[in-house]
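Student: What follows is protein29.pdb, made up of PDB, C-alpha atoms:
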```pdb
ATOM      1  CA  MET A   1      71.413  41.161 -41.620
ATOM      2  CA  LYS A   2      74.832  41.674 -40.210
ATOM      3  CA  LYS A   3      77.707  39.385 -41.187
ATOM      4  CA  LEU A   4      79.647  37.705 -38.441
ATOM      5  CA  GLY A   5      83.317  38.484 -38.370
ATOM      6  CA  LYS A   6      86.047  35.908 -38.743
ATOM      7  CA  LEU A   7      86.738  35.696 -35.009
ATOM      8  CA  PRO A   8      83.178  34.703 -33.957
ATOM      9  CA  MET A   9      83.020  32.129 -36.783
ATOM     10  CA  LEU A  10      86.350  30.702 -35.662
ATOM     11  CA  LEU A  11      85.124  30.457 -32.062
ATOM     12  CA  ILE A  12      81.946  28.674 -33.173
ATOM     13  CA  GLY A  13      84.022  26.240 -35.249
ATOM     14  CA  VAL A  14      86.381  25.531 -32.321
ATOM     15  CA  GLY A  15      83.373  25.045 -30.040
ATOM     16  CA  VAL A  16      81.822  22.504 -32.440
ATOM     17  CA  ILE A  17      85.128  20.616 -32.722
ATOM     18  CA  ALA A  18      85.513  20.568 -28.900
ATOM     19  CA  LEU A  19      81.950  19.272 -28.568
ATOM     20  CA  LEU A  20      82.605  16.490 -31.113
ATOM     21  CA  ILE A  21      85.847  15.475 -29.361
ATOM     22  CA  GLY A  22      84.053  15.363 -26.000
ATOM     23  CA  LEU A  23      81.249  13.292 -27.508
ATOM     24  CA  TYR A  24      83.794  10.884 -29.030
ATOM     25  CA  PHE A  25      85.498  10.291 -25.653
ATOM     26  CA  PHE A  26      82.143   9.881 -23.876
ATOM     27  CA  VAL A  27      80.941   7.260 -26.379
ATOM     28  CA  SER A  28      84.318   5.456 -26.253
ATOM     29  CA  LYS A  29      84.205   5.262 -22.451
ATOM     30  CA  LYS A  30      80.619   3.946 -22.431
ATOM     31  CA  SER A  31      81.499   1.356 -25.079
ATOM     32  CA  THR A  32      84.473   0.123 -23.021
ATOM     33  CA  GLU A  33      82.315  -0.089 -19.863
ATOM     34  CA  TYR A  34      79.674  -2.087 -21.759
ATOM     35  CA  GLU A  35      82.234  -4.509 -23.203
ATOM     36  CA  SER A  36      83.816  -5.119 -19.793
ATOM     37  CA  SER A  37      80.401  -5.765 -18.240
ATOM     38  CA  GLN A  38      79.619  -8.286 -20.998
ATOM     39  CA  SER A  39      82.854 -10.189 -20.471
ATOM     40  CA  LYS A  40      82.573 -10.379 -16.678
ATOM     41  CA  SER A  41      83.704 -13.734 -15.432
ATOM     42  CA  TYR A  42      81.998 -15.525 -12.582
ATOM     43  CA  ASP A  43      83.310 -17.989 -10.050
ATOM     44  CA  SER A  44      82.125 -21.563 -10.544
ATOM     45  CA  LEU A  45      80.044 -23.588  -8.113
ATOM     46  CA  ILE A  46      82.144 -26.666  -8.918
ATOM     47  CA  SER A  47      85.654 -25.792 -10.046
ATOM     48  CA  LEU A  48      86.380 -28.914 -12.079
ATOM     49  CA  THR A  49      86.285 -29.887 -15.706
ATOM     50  CA  ALA A  50      84.236 -32.904 -16.767
ATOM     51  CA  ASP A  51      87.442 -34.900 -17.361
ATOM     52  CA  GLN A  52      88.467 -34.361 -13.730
ATOM     53  CA  ILE A  53      85.325 -36.082 -12.404
ATOM     54  CA  SER A  54      85.663 -39.733 -11.430
ATOM     55  CA  LYS A  55      82.344 -40.101  -9.601
ATOM     56  CA  ILE A  56      79.069 -38.220  -9.613
ATOM     57  CA  SER A  57      75.942 -38.866  -7.578
ATOM     58  CA  TRP A  58      72.773 -36.954  -6.891
ATOM     59  CA  THR A  59      69.573 -37.447  -4.991
ATOM     60  CA  VAL A  60      66.231 -35.905  -5.727
ATOM     61  CA  THR A  61      64.701 -35.041  -2.367
ATOM     62  CA  GLY A  62      62.227 -37.775  -1.552
ATOM     63  CA  GLY A  63      63.416 -39.718  -4.574
ATOM     64  CA  ASP A  64      66.089 -41.993  -5.877
ATOM     65  CA  THR A  65      69.828 -41.582  -5.828
ATOM     66  CA  LEU A  66      71.757 -41.961  -9.049
ATOM     67  CA  SER A  67      75.467 -42.657  -8.714
ATOM     68  CA  PHE A  68      78.045 -43.284 -11.422
ATOM     69  CA  THR A  69      81.766 -44.002 -11.359
ATOM     70  CA  ARG A  70      84.180 -43.537 -14.246
ATOM     71  CA  THR A  71      87.013 -46.035 -14.533
ATOM     72  CA  ASP A  72      89.397 -45.924 -17.498
ATOM     73  CA  GLY A  73      87.029 -43.542 -19.292
ATOM     74  CA  THR A  74      83.912 -45.718 -18.908
ATOM     75  CA  TRP A  75      80.986 -44.830 -16.663
ATOM     76  CA  THR A  76      79.203 -47.545 -14.674
ATOM     77  CA  ASP A  77      76.064 -47.418 -12.553
ATOM     78  CA  ASP A  78      77.079 -47.884  -8.905
ATOM     79  CA  ALA A  79      73.740 -49.509  -8.056
ATOM     80  CA  ASP A  80      73.820 -52.032 -10.908
ATOM     81  CA  SER A  81      77.013 -52.466 -12.929
ATOM     82  CA  SER A  82      75.147 -54.579 -15.502
ATOM     83  CA  VAL A  83      73.192 -51.510 -16.701
ATOM     84  CA  SER A  84      74.452 -50.429 -20.113
ATOM     85  CA  LEU A  85      74.887 -46.664 -19.852
ATOM     86  CA  ASP A  86      74.953 -44.267 -22.770
ATOM     87  CA  GLN A  87      78.455 -42.902 -22.164
ATOM     88  CA  ASP A  88      77.769 -39.668 -24.046
ATOM     89  CA  LYS A  89      74.715 -38.916 -21.904
ATOM     90  CA  VAL A  90      76.582 -39.468 -18.644
ATOM     91  CA  ASN A  91      79.472 -37.361 -19.954
ATOM     92  CA  THR A  92      76.921 -34.641 -20.716
ATOM     93  CA  VAL A  93      75.727 -34.764 -17.105
ATOM     94  CA  ALA A  94      79.341 -34.512 -15.877
ATOM     95  CA  SER A  95      79.894 -31.505 -18.143
ATOM     96  CA  GLY A  96      76.594 -29.982 -17.049
ATOM     97  CA  VAL A  97      77.516 -29.827 -13.371
ATOM     98  CA  THR A  98      80.857 -28.117 -14.016
ATOM     99  CA  GLY A  99      81.358 -24.472 -14.820
ATOM    100  CA  ILE A 100      78.068 -23.421 -13.202
ATOM    101  CA  SER A 101      78.436 -19.667 -12.674
ATOM    102  CA  ILE A 102      77.895 -18.124  -9.251
ATOM    103  CA  TYR A 103      76.036 -14.845  -9.752
ATOM    104  CA  GLN A 104      75.769 -13.745  -6.139
ATOM    105  CA  THR A 105      77.014 -14.873  -2.725
ATOM    106  CA  MET A 106      74.955 -14.312   0.421
ATOM    107  CA  THR A 107      76.884 -14.623   3.706
ATOM    108  CA  ASP A 108      75.748 -14.951   7.323
ATOM    109  CA  VAL A 109      72.560 -16.728   6.226
ATOM    110  CA  THR A 110      70.450 -17.955   9.149
ATOM    111  CA  ASP A 111      67.143 -18.781   7.442
ATOM    112  CA  LEU A 112      67.572 -21.416   4.727
ATOM    113  CA  SER A 113      63.827 -21.424   4.020
ATOM    114  CA  LYS A 114      64.199 -18.049   2.249
ATOM    115  CA  TYR A 115      66.176 -19.929  -0.405
ATOM    116  CA  GLY A 116      64.270 -23.215  -0.438
ATOM    117  CA  LEU A 117      67.255 -24.934   1.149
ATOM    118  CA  ASP A 118      65.333 -26.175   4.191
ATOM    119  CA  ALA A 119      63.729 -28.695   1.798
ATOM    120  CA  PRO A 120      66.312 -28.972  -1.008
ATOM    121  CA  THR A 121      65.447 -30.212  -4.486
ATOM    122  CA  PHE A 122      68.769 -31.966  -5.122
ATOM    123  CA  THR A 123      71.889 -32.978  -3.272
ATOM    124  CA  LEU A 124      74.895 -33.506  -5.518
ATOM    125  CA  THR A 125      78.300 -34.997  -4.782
ATOM    126  CA  VAL A 126      81.151 -34.845  -7.269
ATOM    127  CA  THR A 127      84.436 -36.665  -6.686
ATOM    128  CA  ASP A 128      87.543 -35.684  -8.615
ATOM    129  CA  THR A 129      90.256 -38.051  -9.844
ATOM    130  CA  SER A 130      92.284 -37.373  -6.666
ATOM    131  CA  GLY A 131      89.392 -38.483  -4.446
ATOM    132  CA  ASN A 132      88.341 -34.997  -3.273
ATOM    133  CA  GLU A 133      84.590 -34.592  -2.861
ATOM    134  CA  THR A 134      82.507 -31.495  -3.500
ATOM    135  CA  ALA A 135      78.972 -31.628  -2.112
ATOM    136  CA  VAL A 136      76.321 -29.155  -3.261
ATOM    137  CA  THR A 137      72.763 -28.780  -2.013
ATOM    138  CA  LEU A 138      70.285 -27.071  -4.371
ATOM    139  CA  GLY A 139      67.149 -25.262  -3.270
ATOM    140  CA  ALA A 140      64.558 -22.991  -4.837
ATOM    141  CA  GLN A 141      64.770 -21.471  -8.281
ATOM    142  CA  ASN A 142      64.571 -17.748  -8.901
ATOM    143  CA  THR A 143      62.818 -17.777 -12.274
ATOM    144  CA  THR A 144      63.201 -14.014 -12.702
ATOM    145  CA  ALA A 145      66.993 -14.269 -12.538
ATOM    146  CA  SER A 146      67.220 -17.779 -14.090
ATOM    147  CA  SER A 147      69.128 -18.905 -11.035
ATOM    148  CA  VAL A 148      68.947 -21.488  -8.282
ATOM    149  CA  TYR A 149      70.113 -21.203  -4.678
ATOM    150  CA  ALA A 150      72.766 -23.555  -3.341
ATOM    151  CA  TYR A 151      75.234 -24.126  -0.559
ATOM    152  CA  LYS A 152      78.418 -26.167  -0.613
ATOM    153  CA  GLY A 153      79.401 -28.872   1.837
ATOM    154  CA  THR A 154      78.057 -28.240   5.323
ATOM    155  CA  ASP A 155      78.459 -24.431   5.227
ATOM    156  CA  THR A 156      74.809 -23.409   5.400
ATOM    157  CA  SER A 157      75.726 -19.824   6.315
ATOM    158  CA  THR A 158      76.891 -19.079   2.754
ATOM    159  CA  VAL A 159      74.301 -19.360  -0.004
ATOM    160  CA  TYR A 160      75.038 -18.936  -3.691
ATOM    161  CA  SER A 161      72.760 -17.800  -6.466
ATOM    162  CA  CYS A 162      73.982 -19.731  -9.490
ATOM    163  CA  ALA A 163      72.976 -20.685 -13.020
ATOM    164  CA  SER A 164      69.805 -22.768 -12.977
ATOM    165  CA  THR A 165      71.030 -25.005 -15.813
ATOM    166  CA  ILE A 166      72.367 -27.367 -13.148
ATOM    167  CA  THR A 167      68.826 -28.409 -12.186
ATOM    168  CA  SER A 168      67.864 -29.378 -15.730
ATOM    169  CA  THR A 169      71.114 -31.359 -15.943
ATOM    170  CA  LEU A 170      70.127 -33.349 -12.849
ATOM    171  CA  LYS A 171      66.499 -33.993 -13.853
ATOM    172  CA  LYS A 172      67.425 -37.423 -15.180
ATOM    173  CA  THR A 173      66.356 -40.946 -14.427
ATOM    174  CA  ILE A 174      68.378 -44.096 -14.981
ATOM    175  CA  SER A 175      66.316 -44.806 -18.105
ATOM    176  CA  ASP A 176      67.299 -41.368 -19.481
ATOM    177  CA  LEU A 177      70.953 -42.417 -19.221
ATOM    178  CA  THR A 178      70.649 -46.027 -20.384
ATOM    179  CA  ALA A 179      71.978 -46.989 -23.798
ATOM    180  CA  THR A 180      69.461 -48.210 -26.331
ATOM    181  CA  SER A 181      70.500 -51.236 -28.336
ATOM    182  CA  SER A 182      69.888 -51.709 -32.043
ATOM    183  CA  ALA A 183      67.761 -54.751 -31.166
ATOM    184  CA  ASP A 184      65.335 -52.353 -29.457
ATOM    185  CA  SER A 185      65.070 -50.119 -32.518
ATOM    186  CA  GLY A 186      62.007 -51.897 -33.833
ATOM    187  CA  ASP A 187      63.482 -54.055 -36.595
ATOM    188  CA  THR A 188      60.590 -56.453 -37.284
ATOM    189  CA  SER A 189      61.810 -57.960 -40.548
ATOM    190  CA  SER A 190      61.964 -61.726 -40.603
ATOM    191  CA  ALA A 191      63.534 -64.217 -42.945
ATOM    192  CA  SER A 192      61.146 -66.298 -45.037
TER
END
```
Could you quickly redo this structure as C-alpha cells?

Tutor:
Amino acid sequence: MKKLGKLPMLLIGVGVIALLIGLYFFVSKKSTEYESSQSKSYDSLISLTADQISKISWTVTGGDTLSFTRTDGTWTDDADSSVSLDQDKVNTVASGVTGISIYQTMTDVTDLSKYGLDAPTFTLTVTDTSGNETAVTLGAQNTTASSVYAYKGTDTSTVYSCASTITSTLKKTISDLTATSSADSGDTSSAS
C-alpha cells in the first residue's frame, strides 16, 4: 500500500474543515428560520384588551342574547340587573374574546356558505370604554386547522380564519356566569 503524501492529506483535511463550516452555517440558518416561524405574530380579530371592554353581548343563532355592561369595574346583566354575576367568570369571557389570532384573510368573498357564515353560530358585539363598537359574526369551524371563520362589521367580502377558542368562550348561558352564594352550598346543619 502506498502512503499518501503530505499535500493530499492536507487537501483532505481542508476539505473536511470546509464541509464542517458549511454544515455549521446551514444548520444555523435553518435554526434561525425555525425560531422566526415559531415566534410569528398574528393580527387580532378584536384589537382590545379585556380592561378596555365596557360592554359585551353575543347571540347564539336561534337562541338567546347575553349582554353585560361594566361600570366602575363591576359587570351587570343588561337584561336583569338583579342577577348576581360571578365577576371573575364574566372577566374571563371578556379576556377570551380579545387577542384572538387571525391565521388567514380571504378577500373578495362572494359565497358566505363556504364558511358557514350564511347561517352564523354567533354574533358578537364588543364596546370599548370610548363607546366604539366592534361586531363579529362567527361561522363554521375548521376542525383540521382548529379555526373558525368570521367577518367583522358588515364587510362580508372579507372573511377571517381565526383561533376557534372564541367559540368555546361564547358557549355560555346566564347560569354559567351567575355567582353561587354560600347559602346554596348545601349547608344543612341546624341548631338544636

Student: Could you please give me, as a list in words, the residues of protein, DNA or RNA lying at most 8 Å from (76.1, -42.4, -21.2) in the coordinate frame of the file, considering all atoms listed in the file?

Tutor: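 Using all atoms listed in the file, the matching residues come out as Trp75, Leu85, Asp86, Gln87, Asp88, Lys89, Val90, Asn91, Thr92, Leu177, Thr178 and Ala179 of chain A.
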
Student: So the first atom is CA of Ser47 (chain A) and the second is CA of Thr156 (chain A); what is the distance between them in Å, to one decimal place?

Tutor: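 One can read the CA of Ser47 (chain A) to CA of Thr156 (chain A) distance as 19.0 Å.
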
Student: From the list A:Gly63, A:Ala94, A:Asp43, A:Asp80, which residue is nearest Thr127 (chain A) when using all atoms listed in the file?

Tutor: A:Ala94

Student: I'd like the residues picked by the PyMOL selection byres ((chain A and resi 123) around 9) written out as a ChimeraX atom specification, using the chain letters and numbers from the file.

Tutor: /A:57-61,120-122,124-125,135-138

Student: Select, from A:Val148, A:Leu11, A:Ile56, A:Val27, the residue with the minimum atom-to-atom distance to Gly96 (chain A), counting only C-alpha atoms.

Tutor: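 For Gly96 (chain A), the nearest of the given residues is A:Ile56.
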
Student: If the PyMOL selection byres ((chain A and resi 146) around 9) were run on this exact file, what residues would it hold? Put them as a list in words.

Tutor: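 Applied to this file, the PyMOL selection byres ((chain A and resi 146) around 9) returns Gln141, Asn142, Thr143, Thr144, Ala145, Ser147, Val148, Cys162, Ala163, Ser164 and Thr165 of chain A.
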
Student: Enter the distance from CA of Thr173 (chain A) to CA of Asp77 (chain A), in Å, rounded to one decimal.

Tutor: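 Separation of CA of Thr173 (chain A) and CA of Asp77 (chain A): 11.8 Å.
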
Student: Could you tell me how far CA of Ile174 (chain A) lies from CA of Leu48 (chain A), in Å and to one decimal?

Tutor: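 Here the two named atoms are 23.7 Å from each other.
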
Student: (87.4, -44.0, -15.7) in this file's frame - what residues fall within 10 Å of it? Use only C-alpha atoms and give the answer as a PyMOL selection string.

Tutor: chain A and resi 51-55+69-76+129

Student: Excluding same-chain residues fewer than 4 positions from Ser161 (chain A), what lies within 7 Å of it counting all atoms listed in the file, as a list of chain:residue names?

Tutor: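 Contacts, in chain order: A:Ile102, A:Tyr103, A:Gln104, A:Thr105, A:Ser147, A:Val148, A:Tyr149, A:Ala150.
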
Student: Can you complete the atoms of region 62-75 of chain A to N, CA and C atoms and list them as a PDB file, keeping the file's coordinate frame?

Tutor:
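Result written to rebuild18.pdb:
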```pdb
ATOM      1  N   GLY A  62      63.367 -36.871  -1.571  1.00  0.00           N
ATOM      2  CA  GLY A  62      62.227 -37.775  -1.552  1.00  0.00           C
ATOM      3  C   GLY A  62      62.252 -38.775  -2.691  1.00  0.00           C
ATOM      4  N   GLY A  63      63.350 -38.839  -3.413  1.00  0.00           N
ATOM      5  CA  GLY A  63      63.416 -39.718  -4.574  1.00  0.00           C
ATOM      6  C   GLY A  63      64.635 -40.606  -4.547  1.00  0.00           C
ATOM      7  N   ASP A  64      64.981 -41.057  -5.715  1.00  0.00           N
ATOM      8  CA  ASP A  64      66.089 -41.993  -5.877  1.00  0.00           C
ATOM      9  C   ASP A  64      67.428 -41.280  -5.938  1.00  0.00           C
ATOM     10  N   THR A  65      68.463 -42.053  -5.666  1.00  0.00           N
ATOM     11  CA  THR A  65      69.828 -41.582  -5.828  1.00  0.00           C
ATOM     12  C   THR A  65      70.418 -42.244  -7.057  1.00  0.00           C
ATOM     13  N   LEU A  66      71.022 -41.438  -7.905  1.00  0.00           N
ATOM     14  CA  LEU A  66      71.757 -41.961  -9.049  1.00  0.00           C
ATOM     15  C   LEU A  66      73.232 -41.732  -8.763  1.00  0.00           C
ATOM     16  N   SER A  67      74.048 -42.749  -9.004  1.00  0.00           N
ATOM     17  CA  SER A  67      75.467 -42.657  -8.714  1.00  0.00           C
ATOM     18  C   SER A  67      76.245 -43.396  -9.790  1.00  0.00           C
ATOM     19  N   PHE A  68      77.264 -42.725 -10.331  1.00  0.00           N
ATOM     20  CA  PHE A  68      78.045 -43.284 -11.422  1.00  0.00           C
ATOM     21  C   PHE A  68      79.528 -43.071 -11.159  1.00  0.00           C
ATOM     22  N   THR A  69      80.320 -44.071 -11.515  1.00  0.00           N
ATOM     23  CA  THR A  69      81.766 -44.002 -11.359  1.00  0.00           C
ATOM     24  C   THR A  69      82.415 -44.213 -12.720  1.00  0.00           C
ATOM     25  N   ARG A  70      83.453 -43.410 -12.984  1.00  0.00           N
ATOM     26  CA  ARG A  70      84.180 -43.537 -14.246  1.00  0.00           C
ATOM     27  C   ARG A  70      85.528 -44.206 -13.961  1.00  0.00           C
ATOM     28  N   THR A  71      85.748 -45.311 -14.636  1.00  0.00           N
ATOM     29  CA  THR A  71      87.013 -46.035 -14.533  1.00  0.00           C
ATOM     30  C   THR A  71      87.537 -46.242 -15.942  1.00  0.00           C
ATOM     31  N   ASP A  72      88.768 -45.814 -16.177  1.00  0.00           N
ATOM     32  CA  ASP A  72      89.397 -45.924 -17.498  1.00  0.00           C
ATOM     33  C   ASP A  72      88.504 -45.355 -18.600  1.00  0.00           C
ATOM     34  N   GLY A  73      87.837 -44.236 -18.292  1.00  0.00           N
ATOM     35  CA  GLY A  73      87.029 -43.542 -19.292  1.00  0.00           C
ATOM     36  C   GLY A  73      85.633 -44.085 -19.495  1.00  0.00           C
ATOM     37  N   THR A  74      85.238 -45.120 -18.738  1.00  0.00           N
ATOM     38  CA  THR A  74      83.912 -45.718 -18.908  1.00  0.00           C
ATOM     39  C   THR A  74      83.100 -45.546 -17.631  1.00  0.00           C
ATOM     40  N   TRP A  75      81.891 -45.025 -17.791  1.00  0.00           N
ATOM     41  CA  TRP A  75      80.986 -44.830 -16.663  1.00  0.00           C
ATOM     42  C   TRP A  75      80.223 -46.118 -16.376  1.00  0.00           C
TER      43      TRP A  75
END
```
